[in-house]
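**Student:** If it helps, the file is called model-v5.txt and holds compact mmCIF, C-alpha atoms:
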```
# COMPACT_ATOMS: atom_id res chain seq x y z
CA MET A 1 -0.96 13.41 17.40
CA PHE A 2 -0.05 11.66 14.10
CA GLN A 3 3.29 10.01 14.92
CA HIS A 4 4.69 7.78 12.21
CA THR A 5 8.20 6.51 11.51
CA THR A 6 8.75 6.63 7.77
CA VAL A 7 10.25 3.42 6.33
CA LEU A 8 13.11 3.49 3.79
CA LEU A 9 12.90 7.28 3.79
CA GLU A 10 16.18 8.23 2.12
CA GLU A 11 16.29 5.18 -0.13
CA ALA A 12 12.82 5.72 -1.62
CA VAL A 13 13.27 9.46 -2.18
CA ASP A 14 16.82 9.05 -3.52
CA GLY A 15 15.37 6.48 -5.90
CA LEU A 16 13.26 9.18 -7.54
CA ALA A 17 16.44 11.03 -8.65
CA ILE A 18 14.67 14.33 -7.96
CA LYS A 19 15.14 17.28 -10.27
CA PRO A 20 14.58 20.48 -8.24
CA GLY A 21 12.15 21.92 -10.81
CA GLY A 22 10.25 18.68 -11.42
CA VAL A 23 6.73 17.53 -10.55
CA TYR A 24 6.47 14.63 -8.09
CA VAL A 25 3.60 12.61 -6.62
CA ASP A 26 3.44 10.96 -3.20
CA CYS A 27 0.53 8.56 -3.59
CA THR A 28 0.58 7.60 0.10
CA LEU A 29 0.98 10.77 2.13
CA GLY A 30 0.49 9.09 5.54
CA GLY A 31 2.72 10.75 8.13
CA ALA A 32 4.20 12.98 5.38
CA GLY A 33 7.78 11.80 5.96
CA HIS A 34 8.47 11.04 2.31
CA SER A 35 6.54 14.15 1.22
CA GLU A 36 8.56 16.39 3.52
CA LEU A 37 11.86 15.10 2.16
CA ILE A 38 10.69 15.40 -1.47
CA ALA A 39 9.42 18.96 -0.88
CA SER A 40 12.71 19.95 0.78
CA ARG A 41 14.57 18.99 -2.40
CA LEU A 42 12.38 21.04 -4.73
CA SER A 43 13.22 24.52 -5.94
CA GLU A 44 10.72 27.34 -6.36
CA GLY A 45 9.62 25.87 -9.72
CA GLY A 46 9.18 22.33 -8.37
CA ARG A 47 5.93 20.80 -7.25
CA LEU A 48 4.68 17.97 -5.04
CA ILE A 49 1.19 16.46 -5.32
CA ALA A 50 0.33 14.26 -2.34
CA PHE A 51 -2.60 11.84 -2.06
CA ASP A 52 -4.38 10.44 0.99
CA GLN A 53 -7.94 9.37 1.69
CA ASP A 54 -7.59 9.83 5.46
CA ASP A 55 -8.63 13.26 6.78
CA TRP A 56 -6.38 12.83 9.82
CA ALA A 57 -3.32 12.33 7.61
CA LEU A 58 -4.21 15.36 5.46
CA SER A 59 -4.69 17.56 8.53
CA ASN A 60 -1.31 16.46 9.94
CA ALA A 61 0.35 17.09 6.57
CA ARG A 62 -0.86 20.70 6.45
CA GLU A 63 1.09 21.31 9.67
CA ARG A 64 4.17 19.25 8.84
CA LEU A 65 4.48 20.61 5.30
CA ALA A 66 3.64 24.21 6.25
CA PRO A 67 7.08 25.56 5.18
CA TYR A 68 6.58 24.06 1.71
CA MET A 69 2.87 24.56 1.05
CA ASP A 70 3.55 27.06 -1.75
CA LYS A 71 4.73 24.08 -3.84
CA VAL A 72 2.49 21.33 -2.38
CA THR A 73 -0.98 20.25 -3.52
CA LEU A 74 -2.89 17.90 -1.20
CA VAL A 75 -5.48 15.61 -2.80
CA ARG A 76 -8.11 13.76 -0.76
CA SER A 77 -8.51 10.62 -2.84
CA ASN A 78 -7.63 6.97 -3.15
CA PHE A 79 -4.49 6.64 -5.27
CA ARG A 80 -6.33 4.29 -7.63
CA TYR A 81 -7.73 7.51 -9.16
CA LEU A 82 -4.21 8.85 -9.77
CA GLU A 83 -4.60 9.63 -13.46
CA GLN A 84 -7.97 11.35 -13.27
CA GLU A 85 -6.98 13.38 -10.18
CA LEU A 86 -3.77 14.55 -11.86
CA ARG A 87 -5.88 15.91 -14.73
CA GLY A 88 -7.35 18.37 -12.25
CA CYS A 89 -3.96 19.38 -10.83
CA ASP A 90 -2.77 21.50 -13.76
CA VAL A 91 0.11 19.22 -14.77
CA ARG A 92 1.52 18.82 -18.28
CA ILE A 93 -0.64 16.64 -20.57
CA GLU A 94 0.84 14.69 -23.48
CA ASN A 95 -1.28 12.54 -25.79
CA GLY A 96 -4.13 12.98 -23.34
CA VAL A 97 -2.15 11.64 -20.36
CA PRO A 98 -0.83 13.69 -17.39
CA GLN A 99 2.98 13.63 -17.14
CA VAL A 100 5.05 13.86 -13.93
CA ASP A 101 8.71 13.25 -13.06
CA GLY A 102 8.35 10.79 -10.20
CA ILE A 103 5.76 8.82 -8.23
CA LEU A 104 6.22 7.26 -4.79
CA PHE A 105 4.11 4.56 -3.13
CA ASP A 106 4.48 3.50 0.52
CA LEU A 107 1.84 0.77 0.69
CA GLY A 108 0.09 -0.71 3.71
CA VAL A 109 -1.28 1.03 6.79
CA SER A 110 0.54 3.79 8.63
CA SER A 111 1.40 3.30 12.30
CA PRO A 112 -1.11 5.90 13.60
CA GLN A 113 -3.96 4.10 11.85
CA LEU A 114 -2.89 0.81 13.41
CA ASP A 115 -2.49 2.39 16.81
CA GLU A 116 -5.72 4.42 16.86
CA ALA A 117 -7.97 1.90 18.63
CA GLU A 118 -11.28 3.17 17.26
CA ARG A 119 -10.25 2.43 13.66
CA GLY A 120 -10.44 -1.31 14.37
CA PHE A 121 -7.27 -2.26 12.46
CA SER A 122 -5.50 -3.90 15.39
CA TYR A 123 -6.03 -7.09 17.35
CA ASN A 124 -4.14 -5.42 20.23
CA HIS A 125 -7.01 -3.00 20.99
CA ASP A 126 -10.64 -3.92 21.61
CA ALA A 127 -12.66 -1.69 19.30
CA PRO A 128 -15.61 -1.79 16.90
CA LEU A 129 -14.87 -3.81 13.76
CA ASP A 130 -14.23 -1.12 11.15
CA MET A 131 -10.88 -1.13 9.27
CA ARG A 132 -11.84 1.57 6.76
CA MET A 133 -8.99 3.83 5.64
CA ASP A 134 -11.57 6.19 4.15
CA ARG A 135 -14.34 6.58 6.69
CA GLU A 136 -16.71 7.82 4.01
CA GLU A 137 -16.75 4.36 2.40
CA SER A 138 -19.57 2.01 3.41
CA LEU A 139 -17.97 -1.45 3.60
CA THR A 140 -16.56 -2.35 7.04
CA ALA A 141 -14.98 -5.44 8.58
CA HIS A 142 -18.16 -5.78 10.67
CA GLU A 143 -20.20 -6.32 7.49
CA ILE A 144 -17.78 -8.90 6.09
CA VAL A 145 -17.57 -10.86 9.33
CA ASN A 146 -21.30 -10.80 10.08
CA GLU A 147 -22.94 -10.88 6.64
CA TRP A 148 -20.67 -12.52 4.07
CA GLU A 149 -21.00 -16.23 3.28
CA GLU A 150 -18.61 -18.68 4.88
CA ARG A 151 -16.87 -19.55 1.61
CA GLU A 152 -16.25 -15.86 0.84
CA ILE A 153 -14.77 -15.23 4.29
CA SER A 154 -12.58 -18.30 3.89
CA ARG A 155 -11.49 -17.14 0.42
CA ILE A 156 -10.29 -13.71 1.56
CA LEU A 157 -8.51 -15.12 4.63
CA ASP A 158 -6.71 -17.59 2.39
CA ARG A 159 -5.96 -15.22 -0.50
CA TYR A 160 -5.14 -11.99 1.32
CA GLY A 161 -3.84 -13.40 4.59
CA GLU A 162 -2.31 -16.64 3.32
CA GLU A 163 -3.94 -18.16 6.41
CA LYS A 164 -3.58 -21.97 6.53
CA PHE A 165 -6.60 -22.33 8.81
CA ALA A 166 -8.91 -20.05 6.81
CA ARG A 167 -11.70 -22.62 6.45
CA ASN A 168 -11.74 -23.40 10.15
CA ILE A 169 -11.74 -19.71 11.11
CA ALA A 170 -14.56 -18.93 8.65
CA ARG A 171 -16.62 -21.87 9.93
CA ASN A 172 -16.27 -20.70 13.54
CA ILE A 173 -17.10 -17.09 12.63
CA VAL A 174 -20.34 -18.13 10.91
CA LYS A 175 -21.23 -20.43 13.81
CA ALA A 176 -20.60 -17.72 16.43
CA ARG A 177 -22.61 -15.03 14.66
CA THR A 178 -25.78 -17.15 14.72
CA THR A 179 -25.92 -16.44 18.46
CA ALA A 180 -24.93 -12.76 18.39
CA ALA A 181 -23.14 -10.39 16.04
CA ILE A 182 -19.35 -10.28 16.30
CA ALA A 183 -19.01 -6.61 17.15
CA THR A 184 -15.44 -5.96 18.26
CA THR A 185 -11.84 -6.69 17.32
CA GLY A 186 -11.38 -8.42 20.67
CA GLU A 187 -14.22 -10.87 20.02
CA LEU A 188 -12.92 -11.62 16.55
CA ALA A 189 -9.32 -12.08 17.71
CA GLU A 190 -10.45 -14.57 20.35
CA LEU A 191 -12.51 -16.50 17.79
CA ILE A 192 -9.51 -16.70 15.47
CA LYS A 193 -7.26 -17.80 18.31
CA VAL A 194 -9.46 -20.78 19.25
CA SER A 195 -9.75 -21.75 15.56
CA ILE A 196 -6.00 -22.32 15.27
CA PRO A 197 -4.30 -25.40 16.82
CA ALA A 198 -2.55 -24.70 20.11
CA ALA A 199 0.80 -25.95 18.81
CA THR A 200 0.67 -23.40 15.96
CA ARG A 201 -0.34 -20.58 18.32
CA ARG A 202 2.76 -21.11 20.43
CA THR A 203 5.11 -20.08 17.61
CA GLY A 204 5.22 -17.19 15.19
CA PRO A 205 3.25 -13.93 15.24
CA HIS A 206 -0.10 -13.26 16.92
CA PRO A 207 -2.63 -15.86 15.69
CA ALA A 208 -4.97 -13.12 14.42
CA LYS A 209 -2.33 -11.23 12.42
CA ARG A 210 -2.98 -12.85 9.03
CA SER A 211 -6.75 -12.71 9.31
CA PHE A 212 -6.79 -9.05 10.35
CA GLN A 213 -4.50 -8.22 7.44
CA ALA A 214 -6.82 -10.09 5.07
CA LEU A 215 -9.91 -8.27 6.32
CA ARG A 216 -8.20 -4.87 6.06
CA ILE A 217 -7.14 -5.60 2.47
CA ALA A 218 -10.67 -6.72 1.56
CA VAL A 219 -12.39 -3.74 3.21
CA ASN A 220 -10.17 -1.26 1.37
CA ASP A 221 -9.67 -3.27 -1.84
CA GLU A 222 -5.96 -2.57 -1.37
CA LEU A 223 -4.62 -4.95 -3.99
CA GLY A 224 -7.09 -3.82 -6.64
CA ALA A 225 -6.21 -0.20 -5.89
CA GLU A 226 -2.47 -0.97 -6.05
CA GLU A 227 -2.78 -2.67 -9.43
CA GLU A 228 -4.82 0.18 -10.94
CA ALA A 229 -2.51 2.84 -9.48
CA LEU A 230 0.71 1.20 -10.69
CA GLU A 231 -0.69 0.84 -14.20
CA SER A 232 -1.63 4.55 -14.09
CA ALA A 233 1.81 5.43 -12.74
CA VAL A 234 3.52 3.80 -15.74
CA ARG A 235 1.34 5.87 -18.08
CA CYS A 236 1.78 9.12 -16.12
CA LEU A 237 5.57 9.04 -15.77
CA ALA A 238 7.37 11.31 -18.21
CA PRO A 239 10.42 9.81 -19.99
CA GLY A 240 13.22 9.59 -17.42
CA GLY A 241 10.69 9.73 -14.58
CA ARG A 242 10.88 7.15 -11.81
CA ALA A 243 8.53 5.17 -9.58
CA SER A 244 9.59 4.13 -6.06
CA VAL A 245 7.35 1.48 -4.53
CA ILE A 246 7.58 0.23 -0.94
CA THR A 247 5.61 -2.91 -0.15
CA PHE A 248 5.07 -4.69 3.16
CA HIS A 249 3.85 -8.16 2.31
CA SER A 250 4.29 -10.74 -0.41
CA LEU A 251 1.03 -10.04 -2.24
CA GLU A 252 1.80 -6.32 -2.64
CA ASP A 253 5.36 -7.08 -3.73
CA ARG A 254 4.19 -9.71 -6.21
CA ILE A 255 1.84 -7.21 -7.90
CA CYS A 256 4.57 -4.56 -8.11
CA LYS A 257 7.15 -7.02 -9.44
CA SER A 258 4.68 -8.37 -12.00
CA ILE A 259 3.62 -4.95 -13.33
CA PHE A 260 7.19 -3.70 -13.59
CA ALA A 261 8.18 -6.93 -15.39
CA LYS A 262 5.34 -6.50 -17.88
CA TYR A 263 6.77 -3.18 -19.07
CA VAL A 264 10.49 -4.05 -19.07
CA GLU A 265 12.07 -4.62 -22.50
CA LYS A 266 11.95 -8.27 -23.52
CA CYS A 267 14.01 -9.39 -26.49
CA THR A 268 12.36 -12.30 -28.34
CA CYS A 269 15.29 -13.03 -30.68
CA PRO A 270 16.73 -16.57 -30.61
CA PRO A 271 19.58 -16.79 -28.09
CA ASP A 272 22.16 -17.50 -30.81
CA PHE A 273 21.49 -14.19 -32.63
CA PRO A 274 24.52 -11.87 -32.24
CA LEU A 275 22.31 -8.74 -32.27
CA CYS A 276 18.72 -7.96 -31.34
CA VAL A 277 16.53 -7.59 -34.44
CA CYS A 278 13.06 -8.11 -32.93
CA GLY A 279 12.63 -4.42 -32.11
CA ASN A 280 10.68 -5.07 -28.91
CA LYS A 281 11.04 -1.89 -26.91
CA GLY A 282 10.20 -1.76 -23.24
CA THR A 283 8.50 1.05 -21.36
CA LEU A 284 10.48 0.71 -18.12
CA LYS A 285 13.92 -0.24 -16.94
CA LEU A 286 14.54 -1.59 -13.45
CA ILE A 287 16.89 0.48 -11.30
CA ASN A 288 17.33 -2.36 -8.82
CA ARG A 289 16.99 -5.98 -9.93
CA LYS A 290 16.49 -7.11 -6.36
CA PRO A 291 14.40 -5.15 -3.84
CA ILE A 292 16.15 -2.76 -1.46
CA LEU A 293 15.66 -3.81 2.17
CA PRO A 294 15.85 -1.78 5.40
CA SER A 295 19.28 -1.55 7.02
CA GLU A 296 20.06 -3.25 10.32
CA LYS A 297 20.06 0.19 11.96
CA GLU A 298 16.57 0.96 10.65
CA LEU A 299 15.28 -2.40 11.85
CA GLU A 300 16.67 -1.70 15.33
CA ASP A 301 14.96 1.69 15.42
CA ASN A 302 11.70 0.56 13.80
CA PRO A 303 10.85 -3.19 13.94
CA ARG A 304 7.73 -2.53 11.82
CA ALA A 305 10.06 -2.02 8.87
CA ARG A 306 11.19 -5.66 8.85
CA SER A 307 8.95 -6.77 5.95
CA ALA A 308 9.49 -3.66 3.77
CA LYS A 309 10.83 -3.99 0.21
CA LEU A 310 11.61 -1.14 -2.19
CA ARG A 311 11.48 -1.51 -5.98
CA ILE A 312 12.41 1.33 -8.35
CA ALA A 313 11.78 1.61 -12.09
CA GLU A 314 12.47 4.34 -14.66
CA LYS A 315 10.34 5.28 -17.69
CA LEU A 316 12.22 4.92 -20.97
```
Show the structure stored in the file as structure tokens.

**Tutor:**
Amino acid sequence: MFQHTTVLLEEAVDGLAIKPGGVYVDCTLGGAGHSELIASRLSEGGRLIAFDQDDWALSNARERLAPYMDKVTLVRSNFRYLEQELRGCDVRIENGVPQVDGILFDLGVSSPQLDEAERGFSYNHDAPLDMRMDREESLTAHEIVNEWEEREISRILDRYGEEKFARNIARNIVKARTTAAIATTGELAELIKVSIPAATRRTGPHPAKRSFQALRIAVNDELGAEEEALESAVRCLAPGGRASVITFHSLEDRICKSIFAKYVEKCTCPPDFPLCVCGNKGTLKLINRKPILPSEKELEDNPRARSAKLRIAEKL
């Protein structure tokens, strides 16, 4: 059963300022929590288009969203293809670009994917090294760990996991695989553990957490997909439309913050000018200058929400 506790549920959906007859996109269907709440706020003329590349999530959504399926379209696709998929969803097109009233992103991996041992996302379950969100894709964590060069493994552990001991971990991975392939999450987690100084292992999260995150991001090109999708979202929002974006680690949040900042109005007039005369018009305005964080109550109920941040922007 697909059991998933939706993070920042009310805050993210409220942030879309839903119009009952509008068209909304949930780019990360997952457990369908956000989608269900969006659909419940739509009138007969409203519409929800929900994306996921995981067949399990789509199957669950058909059940959970059954009361609303007359106004829901499910799309099996990576959200990086947002704009081209929307072209096939019979939405309004202006100047060659699809236009919708709100787009929601809940980035990262859903709890069921983490908890389903055979997917190989978790260091808590011994399973084949996989980590694919879309099981029709070819690249797996097994290929990266057993075939990529040491410097490339070190680079992704450092960049995507912000792992201080990336070089040491990569060196030990390459050394170990000369004897036999590293086939399971358990083998890899143990290798990572012995690559990190004992004093460091005694504090903080599980020693394999950062490396597993880095591998998952690399396998699924998560940051590249996020960047492409957010750029598409800015183009596809109709004037007055909003984007709600939930991130779970600093790299995701940095990309979101950077893209939003790029499109916010920036006056270039000298500071002593009494009025703006430069005419620089922005594309977005920020609804919240600082990210919205989970409440204490939500953190008590769902500790996995502790790193979540919500940013909201509106198309001008």

**Student:** Excluding same-chain residues fewer than 5 positions from Glu11 of chain A, what lies within 10 Å of it counting all atoms listed in the file, as number ranges by chain?

**Tutor:** A: 16, 244, 292-294, 310, 312

**Student:** Could you state the separation of atom CA of Ser35 of chain A and atom CA of Phe51 of chain A in Å, given to one decimal place?

**Tutor:**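 Atom CA of Ser35 of chain A sits 10.0 Å away from atom CA of Phe51 of chain A.
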
**Student:** Find the residue from A:Leu237, A:Met131, A:Ala305, A:Cys269 that sits nearest to Gly22 of chain A; use only C-alpha atoms when measuring.

**Tutor:** A:Leu237

**Student:** Write out as a ChimeraX atom specification which residues come within 8 Å of Arg41 of chain A when counting only C-alpha atoms, dropping same-chain ones fewer than 3 positions away.

**Tutor:** /A:18,20,37-38

**Student:** Would you please work out which residue, of A:Leu188, A:Arg159, A:Ala57, A:Lys309, is nearest to Asn172 of chain A when using all atoms listed in the file?

**Tutor:**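 Answer, going by the shortest atom-to-atom distance: A:Leu188.
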
**Student:** Taking 6 positions as the minimum chain separation for residues in the same chain, which residues sit within 12 Å of Ser59 of chain A when counting all atoms listed in the file? Answer as number ranges by chain.

**Tutor:** A: 1-2, 29-32, 52-53, 65-66, 74-76

**Student:** Do you know which residues are at most 12 Å from Asp134 of chain A counting only C-alpha atoms, after dropping those on the same chain fewer than 3 positions away, and could you put them as JSON, numbers by chain?

**Tutor:** {"A": [52, 53, 54, 55, 56, 57, 58, 76, 77, 78, 79, 109, 113, 119, 130, 131, 137, 138, 139, 140, 216, 219, 220, 221, 222]}

**Student:** Output, as lines of an AutoDock Vina configuration file, the centre and edge lengths in Å (one decimal) of the axis-aligned box that contains all listed atoms of segment 3-18 of chain A with 8 Å of margin on each side.

**Tutor:**
```
center_x = 10.1
center_y = 8.9
center_z = 3.1
size_x = 29.5
size_y = 26.9
size_z = 39.6
```

**Student:** Determine, counting only C-alpha atoms, which protein, DNA and RNA residues have an atom within 7 Å of an atom of Ala313 of chain A; residues of the same chain fewer than 5 positions away are not included. Present the result as a ChimeraX atom specification.

**Tutor:** /A:242-244,284-287

**Student:** Nearest residue to Lys71 of chain A out of A:Val25, A:Leu129, A:Ile156, A:Leu299, using all atoms listed in the file?

**Tutor:**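 For Lys71 of chain A, the nearest of the given residues is A:Val25.
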
**Student:** Would you please work out which residue, of A:Gly21, A:Gly33, A:Pro205, A:Gly15, is nearest to Arg64 of chain A when using all atoms listed in the file?

**Tutor:**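 When distances to Arg64 of chain A are compared using all atoms listed in the file, the smallest one comes from A:Gly33.
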
**Student:** Mind giving me the straight-line distance from atom CA of His34 of chain A to atom CA of Arg289 of chain A in Å, one decimal?

**Tutor:**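 Straight-line distance from atom CA of His34 of chain A to atom CA of Arg289 of chain A works out to 22.6 Å.
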
**Student:** Choose the residue, out of A:Glu187, A:Glu85, A:Glu252, A:Glu314, that has the smallest atom-to-atom separation from Gly224 of chain A; count only C-alpha atoms.

**Tutor:**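 For Gly224 of chain A, the nearest of the given residues is A:Glu252.
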
**Student:** Quick one: pull the distance between atom CA of Ile144 of chain A and atom CA of Glu162 of chain A, Å, one decimal.

**Tutor:**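 Rounded to one decimal, the two atoms are 17.5 Å apart.
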
**Student:** Select, counting all atoms listed in the file, all protein, DNA and RNA residues no farther than 12 Å from (-4.4, 1.4, -11.3) in file coordinates, and express the selection as a list of chain:residue names.

**Tutor:**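 All residues meeting the 12 Å criterion around (-4.4, 1.4, -11.3) are A:Cys27, A:Asn78, A:Phe79, A:Arg80, A:Tyr81, A:Leu82, A:Glu83, A:Gln84, A:Asp221, A:Glu222, A:Leu223, A:Gly224, A:Ala225, A:Glu226, A:Glu227, A:Glu228, A:Ala229, A:Leu230, A:Glu231, A:Ser232, A:Ala233, A:Val234, A:Arg235, A:Cys236, A:Ile255, A:Cys256, A:Ile259.
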
**Student:** Mind writing the picked residues with C-alpha atoms as a short mmCIF file (atom, residue, chain, number, x, y, z; two decimals), keeping the file's coordinate frame?

**Tutor:**
```cif
data_model
loop_
_atom_site.label_atom_id
_atom_site.label_comp_id
_atom_site.auth_asym_id
_atom_site.auth_seq_id
_atom_site.Cartn_x
_atom_site.Cartn_y
_atom_site.Cartn_z
CA CYS A 27 0.53 8.56 -3.59
CA ASN A 78 -7.63 6.97 -3.15
CA PHE A 79 -4.49 6.64 -5.27
CA ARG A 80 -6.33 4.29 -7.63
CA TYR A 81 -7.73 7.51 -9.16
CA LEU A 82 -4.21 8.85 -9.77
CA GLU A 83 -4.60 9.63 -13.46
CA GLN A 84 -7.97 11.35 -13.27
CA ASP A 221 -9.67 -3.27 -1.84
CA GLU A 222 -5.96 -2.57 -1.37
CA LEU A 223 -4.62 -4.95 -3.99
CA GLY A 224 -7.09 -3.82 -6.64
CA ALA A 225 -6.21 -0.20 -5.89
CA GLU A 226 -2.47 -0.97 -6.05
CA GLU A 227 -2.78 -2.67 -9.43
CA GLU A 228 -4.82 0.18 -10.94
CA ALA A 229 -2.51 2.84 -9.48
CA LEU A 230 0.71 1.20 -10.69
CA GLU A 231 -0.69 0.84 -14.20
CA SER A 232 -1.63 4.55 -14.09
CA ALA A 233 1.81 5.43 -12.74
CA VAL A 234 3.52 3.80 -15.74
CA ARG A 235 1.34 5.87 -18.08
CA CYS A 236 1.78 9.12 -16.12
CA ILE A 255 1.84 -7.21 -7.90
CA CYS A 256 4.57 -4.56 -8.11
CA ILE A 259 3.62 -4.95 -13.33
#
```

**Student:** Which one is closest to Val97 of chain A: A:Thr73, A:Arg135, A:Val13, A:Ala238? Count all atoms listed in the file.

**Tutor:**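 Looking at the shortest contact to Val97 of chain A, the residue is A:Ala238.
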
**Student:** Counting all atoms listed in the file, note down every residue that has an atom within 8 Å of the point (-12.3, -22.3, 5.7) (file coordinates), as a list in words.

**Tutor:** Glu150, Arg151, Ile153, Ser154, Arg155, Phe165, Ala166, Arg167, Asn168, Ile169, Ala170 and Arg171 of chain A
